[in-house]
Amino acid sequence: MADLSPDPERRARGLDVYRKVYGQDAPVFESGEVEFFDSMLANLFGEVWGRPGLSIPDRRLVIIGVLAAQNRFEILGVQLLRALKDDELTPEQVREIIIQLISYIGYSSSSDLYRVSETAIATYRAEAK
């Protein structure tokens with residue numbers, strides 16, 4: 001069987017970016033423990049999120065739009081909360097993003113978008129106290 005573990009340097013670079021994206025308290029598996037996680041760190045975070053062309057906040061805005069369009073509201077909530085915690089967005093900006101998205105994604109998703117954004121804002125405010 002082939003060794004599918006990523007290069008340790010790519011994994012380390014990816015882990016650094018992963019923690020910048022999701023926070024120092026984000027769950028992490030040891031190298032070799034979960035093959036998918038290792039691959040995700042090396043490729044998605046080490047190679048894509050870690051590229052120099054866009055900042056993490058800019059990339060997060062792109063991801064927020066994609067997740068909303070795909071109705072991936074649970075992950076959207078994680079991204080919104082992290083953007084608030086990292087001072088990338090204010091609660092008012094989150095609300096404006098949702099208004100913008102509803103116009104393009106459709107009103108059928110509006111209640112879910114509203115619920116997810118307001119939950120992220122409430123969590124952020126509760127944890128900030």
# chains A, B, ... in the order shown; residues from 1 in each chain; ligands from 1
call {"tool": "residues_around", "arguments": {"residues": "segment 106-123 of chain A", "least_positions_apart": "6", "cutoff": "9 Å", "atoms": "only C-alpha atoms", "output": "PDB file with N, CA, C and O atoms, in the first residue's frame"}}
result
ATOM      1  N   ALA A  68     -23.408  29.831   1.672  1.00  0.00           N
ATOM      2  CA  ALA A  68     -24.799  30.281   1.651  1.00  0.00           C
ATOM      3  C   ALA A  68     -25.506  29.766   0.404  1.00  0.00           C
ATOM      4  O   ALA A  68     -26.634  29.268   0.473  1.00  0.00           O
ATOM      5  N   ALA A  69     -24.853  29.855  -0.738  1.00  0.00           N
ATOM      6  CA  ALA A  69     -25.461  29.404  -1.991  1.00  0.00           C
ATOM      7  C   ALA A  69     -25.698  27.902  -2.000  1.00  0.00           C
ATOM      8  O   ALA A  69     -26.639  27.419  -2.638  1.00  0.00           O
ATOM      9  N   ASN A  71     -26.480  26.200   0.664  1.00  0.00           N
ATOM     10  CA  ASN A  71     -27.315  25.880   1.833  1.00  0.00           C
ATOM     11  C   ASN A  71     -26.548  25.086   2.886  1.00  0.00           C
ATOM     12  O   ASN A  71     -27.111  24.230   3.562  1.00  0.00           O
ATOM     13  N   PHE A  73     -25.566  25.738   5.947  1.00  0.00           N
ATOM     14  CA  PHE A  73     -25.735  26.731   6.998  1.00  0.00           C
ATOM     15  C   PHE A  73     -24.934  26.439   8.261  1.00  0.00           C
ATOM     16  O   PHE A  73     -24.500  27.363   8.943  1.00  0.00           O
ATOM     17  N   GLU A  74     -24.724  25.179   8.602  1.00  0.00           N
ATOM     18  CA  GLU A  74     -23.936  24.863   9.798  1.00  0.00           C
ATOM     19  C   GLU A  74     -22.497  25.366   9.639  1.00  0.00           C
ATOM     20  O   GLU A  74     -21.954  26.021  10.528  1.00  0.00           O
ATOM     21  N   LEU A  76     -21.534  27.596   7.477  1.00  0.00           N
ATOM     22  CA  LEU A  76     -21.635  29.044   7.346  1.00  0.00           C
ATOM     23  C   LEU A  76     -21.599  29.710   8.721  1.00  0.00           C
ATOM     24  O   LEU A  76     -20.910  30.710   8.923  1.00  0.00           O
ATOM     25  N   GLY A  77     -22.323  29.135   9.678  1.00  0.00           N
ATOM     26  CA  GLY A  77     -22.321  29.669  11.035  1.00  0.00           C
ATOM     27  C   GLY A  77     -20.935  29.666  11.650  1.00  0.00           C
ATOM     28  O   GLY A  77     -20.535  30.618  12.333  1.00  0.00           O
ATOM     29  N   VAL A  78     -20.173  28.603  11.401  1.00  0.00           N
ATOM     30  CA  VAL A  78     -18.795  28.518  11.902  1.00  0.00           C
ATOM     31  C   VAL A  78     -17.949  29.642  11.302  1.00  0.00           C
ATOM     32  O   VAL A  78     -17.191  30.317  12.012  1.00  0.00           O
ATOM     33  N   GLN A  79     -18.096  29.866  10.001  1.00  0.00           N
ATOM     34  CA  GLN A  79     -17.313  30.917   9.334  1.00  0.00           C
ATOM     35  C   GLN A  79     -17.715  32.311   9.825  1.00  0.00           C
ATOM     36  O   GLN A  79     -16.851  33.169  10.040  1.00  0.00           O
ATOM     37  N   LEU A  80     -19.004  32.543   9.993  1.00  0.00           N
ATOM     38  CA  LEU A  80     -19.455  33.851  10.476  1.00  0.00           C
ATOM     39  C   LEU A  80     -18.946  34.118  11.884  1.00  0.00           C
ATOM     40  O   LEU A  80     -18.452  35.225  12.184  1.00  0.00           O
ATOM     41  N   LEU A  81     -19.063  33.120  12.756  1.00  0.00           N
ATOM     42  CA  LEU A  81     -18.598  33.297  14.128  1.00  0.00           C
ATOM     43  C   LEU A  81     -17.096  33.565  14.170  1.00  0.00           C
ATOM     44  O   LEU A  81     -16.620  34.450  14.887  1.00  0.00           O
ATOM     45  N   ARG A  82     -16.335  32.831  13.380  1.00  0.00           N
ATOM     46  CA  ARG A  82     -14.882  33.041  13.359  1.00  0.00           C
ATOM     47  C   ARG A  82     -14.550  34.436  12.825  1.00  0.00           C
ATOM     48  O   ARG A  82     -13.657  35.117  13.338  1.00  0.00           O
ATOM     49  N   LEU A  84     -16.341  37.076  13.129  1.00  0.00           N
ATOM     50  CA  LEU A  84     -16.641  38.010  14.213  1.00  0.00           C
ATOM     51  C   LEU A  84     -15.557  37.964  15.288  1.00  0.00           C
ATOM     52  O   LEU A  84     -15.066  39.006  15.725  1.00  0.00           O
ATOM     53  N   THR A  90     -17.952  42.989  11.619  1.00  0.00           N
ATOM     54  CA  THR A  90     -18.757  43.418  12.752  1.00  0.00           C
ATOM     55  C   THR A  90     -20.130  42.766  12.623  1.00  0.00           C
ATOM     56  O   THR A  90     -20.507  42.298  11.529  1.00  0.00           O
ATOM     57  N   PRO A  91     -20.919  42.741  13.694  1.00  0.00           N
ATOM     58  CA  PRO A  91     -22.283  42.220  13.566  1.00  0.00           C
ATOM     59  C   PRO A  91     -23.087  42.940  12.480  1.00  0.00           C
ATOM     60  O   PRO A  91     -23.845  42.307  11.739  1.00  0.00           O
ATOM     61  N   VAL A  94     -22.071  41.555   9.137  1.00  0.00           N
ATOM     62  CA  VAL A  94     -22.662  40.226   8.928  1.00  0.00           C
ATOM     63  C   VAL A  94     -24.103  40.385   8.440  1.00  0.00           C
ATOM     64  O   VAL A  94     -24.521  39.729   7.482  1.00  0.00           O
ATOM     65  N   ARG A  95     -24.840  41.266   9.067  1.00  0.00           N
ATOM     66  CA  ARG A  95     -26.237  41.478   8.658  1.00  0.00           C
ATOM     67  C   ARG A  95     -26.323  42.012   7.224  1.00  0.00           C
ATOM     68  O   ARG A  95     -27.200  41.615   6.461  1.00  0.00           O
ATOM     69  N   ILE A  98     -25.785  39.194   4.786  1.00  0.00           N
ATOM     70  CA  ILE A  98     -26.976  38.352   4.661  1.00  0.00           C
ATOM     71  C   ILE A  98     -28.011  39.026   3.762  1.00  0.00           C
ATOM     72  O   ILE A  98     -28.612  38.375   2.901  1.00  0.00           O
ATOM     73  N   ILE A  99     -28.207  40.308   3.924  1.00  0.00           N
ATOM     74  CA  ILE A  99     -29.146  41.036   3.048  1.00  0.00           C
ATOM     75  C   ILE A  99     -28.696  40.918   1.598  1.00  0.00           C
ATOM     76  O   ILE A  99     -29.501  40.663   0.698  1.00  0.00           O
TER      77      ILE A  99
END
call {"tool": "residues_around", "arguments": {"residues": "segment 21-28 of chain A", "least_positions_apart": "2", "cutoff": "8 Å", "atoms": "only C-alpha atoms", "output": "PyMOL selection string"}}
result
chain A and resi 17-19+30+56+79+82
call {"tool": "residues_around", "arguments": {"residues": "segment 33-46 of chain A", "least_positions_apart": "2", "cutoff": "10 Å", "atoms": "only C-alpha atoms", "output": "ChimeraX atom specification"}}
result
/A:4-21,28-31,48-51
call {"tool": "write_last_selection", "arguments": {"atoms": "N, CA, C and O atoms", "output": "CSV table (one decimal), in the first residue's frame"}}
result
chain,number,residue,atom,x,y,z
A,4,LEU,N,0.4,7.6,1.8
A,4,LEU,CA,-0.4,8.7,1.4
A,4,LEU,C,-0.2,9.9,2.3
A,4,LEU,O,-0.9,10.9,2.1
A,5,SER,N,0.6,9.8,3.3
A,5,SER,CA,0.8,10.9,4.2
A,5,SER,C,1.5,12.1,3.5
A,5,SER,O,2.4,11.9,2.8
A,6,PRO,N,1.0,13.3,3.8
A,6,PRO,CA,1.6,14.5,3.2
A,6,PRO,C,3.0,14.8,3.7
A,6,PRO,O,3.4,14.3,4.7
A,7,ASP,N,3.7,15.5,2.9
A,7,ASP,CA,5.0,16.0,3.3
A,7,ASP,C,4.9,16.8,4.6
A,7,ASP,O,4.0,17.6,4.7
A,8,PRO,N,5.7,16.5,5.6
A,8,PRO,CA,5.6,17.2,6.9
A,8,PRO,C,5.6,18.7,6.8
A,8,PRO,O,4.9,19.4,7.6
A,9,GLU,N,6.4,19.3,5.9
A,9,GLU,CA,6.4,20.7,5.7
A,9,GLU,C,5.1,21.3,5.2
A,9,GLU,O,4.6,22.3,5.7
A,10,ARG,N,4.5,20.6,4.3
A,10,ARG,CA,3.2,21.0,3.8
A,10,ARG,C,2.1,20.9,4.8
A,10,ARG,O,1.3,21.8,5.0
A,11,ARG,N,2.2,19.8,5.6
A,11,ARG,CA,1.2,19.6,6.7
A,11,ARG,C,1.4,20.7,7.7
A,11,ARG,O,0.4,21.3,8.2
A,12,ALA,N,2.6,21.0,8.1
A,12,ALA,CA,2.9,22.1,9.1
A,12,ALA,C,2.4,23.5,8.6
A,12,ALA,O,1.8,24.2,9.3
A,13,ARG,N,2.7,23.8,7.3
A,13,ARG,CA,2.2,25.0,6.7
A,13,ARG,C,0.7,25.1,6.7
A,13,ARG,O,0.1,26.1,7.1
A,14,GLY,N,0.1,23.9,6.4
A,14,GLY,CA,-1.4,23.9,6.4
A,14,GLY,C,-2.0,24.0,7.7
A,14,GLY,O,-3.0,24.7,7.9
A,15,LEU,N,-1.3,23.4,8.7
A,15,LEU,CA,-1.8,23.5,10.1
A,15,LEU,C,-1.8,24.9,10.6
A,15,LEU,O,-2.7,25.4,11.3
A,16,ASP,N,-0.7,25.6,10.3
A,16,ASP,CA,-0.6,27.0,10.6
A,16,ASP,C,-1.7,27.9,10.1
A,16,ASP,O,-2.4,28.6,10.8
A,17,VAL,N,-2.0,27.7,8.8
A,17,VAL,CA,-3.1,28.4,8.1
A,17,VAL,C,-4.5,28.0,8.7
A,17,VAL,O,-5.3,28.8,9.0
A,18,TYR,N,-4.6,26.7,8.9
A,18,TYR,CA,-5.9,26.1,9.5
A,18,TYR,C,-6.2,26.8,10.8
A,18,TYR,O,-7.3,27.2,11.1
A,19,ARG,N,-5.2,27.0,11.7
A,19,ARG,CA,-5.4,27.6,12.9
A,19,ARG,C,-5.7,29.1,12.8
A,19,ARG,O,-6.4,29.7,13.6
A,20,LYS,N,-5.1,29.8,11.8
A,20,LYS,CA,-5.5,31.2,11.5
A,20,LYS,C,-6.9,31.3,11.0
A,20,LYS,O,-7.6,32.3,11.3
A,21,VAL,N,-7.4,30.3,10.3
A,21,VAL,CA,-8.7,30.3,9.7
A,21,VAL,C,-9.8,30.0,10.8
A,21,VAL,O,-10.8,30.6,10.9
A,28,VAL,N,-7.8,19.3,16.1
A,28,VAL,CA,-6.6,18.8,15.3
A,28,VAL,C,-6.3,17.4,15.6
A,28,VAL,O,-6.3,17.0,16.7
A,29,PHE,N,-6.1,16.6,14.5
A,29,PHE,CA,-5.7,15.2,14.7
A,29,PHE,C,-4.2,15.1,14.5
A,29,PHE,O,-3.6,15.9,13.7
A,30,GLU,N,-3.5,14.2,15.1
A,30,GLU,CA,-2.1,13.9,14.9
A,30,GLU,C,-1.8,13.5,13.5
A,30,GLU,O,-2.7,12.8,12.9
A,31,SER,N,-0.7,13.8,13.0
A,31,SER,CA,-0.3,13.3,11.7
A,31,SER,C,-0.4,11.8,11.5
A,31,SER,O,0.0,11.1,12.4
A,48,VAL,N,-4.2,26.2,-0.8
A,48,VAL,CA,-5.2,27.1,-1.3
A,48,VAL,C,-5.4,28.3,-0.4
A,48,VAL,O,-5.2,29.4,-0.8
A,49,TRP,N,-5.8,28.1,0.9
A,49,TRP,CA,-6.0,29.2,1.8
A,49,TRP,C,-4.7,29.9,2.1
A,49,TRP,O,-4.7,31.1,2.4
A,50,GLY,N,-3.5,29.2,1.9
A,50,GLY,CA,-2.3,29.8,2.2
A,50,GLY,C,-1.6,30.6,1.0
A,50,GLY,O,-0.6,31.2,1.2
A,51,ARG,N,-2.3,30.7,-0.1
A,51,ARG,CA,-1.8,31.4,-1.2
A,51,ARG,C,-1.7,32.9,-0.9
A,51,ARG,O,-2.5,33.4,-0.2
call {"tool": "atom_distance", "arguments": {"atom1": "atom CA of Ala83 of chain A", "atom2": "atom CA of Gly32 of chain A"}}
result
29.7 Å
call {"tool": "atom_distance", "arguments": {"atom1": "atom CA of Leu89 of chain A", "atom2": "atom CA of Arg60 of chain A"}}
result
10.3 Å
call {"tool": "atom_distance", "arguments": {"atom1": "atom CA of Ser55 of chain A", "atom2": "atom CA of Ala126 of chain A"}}
result
27.4 Å
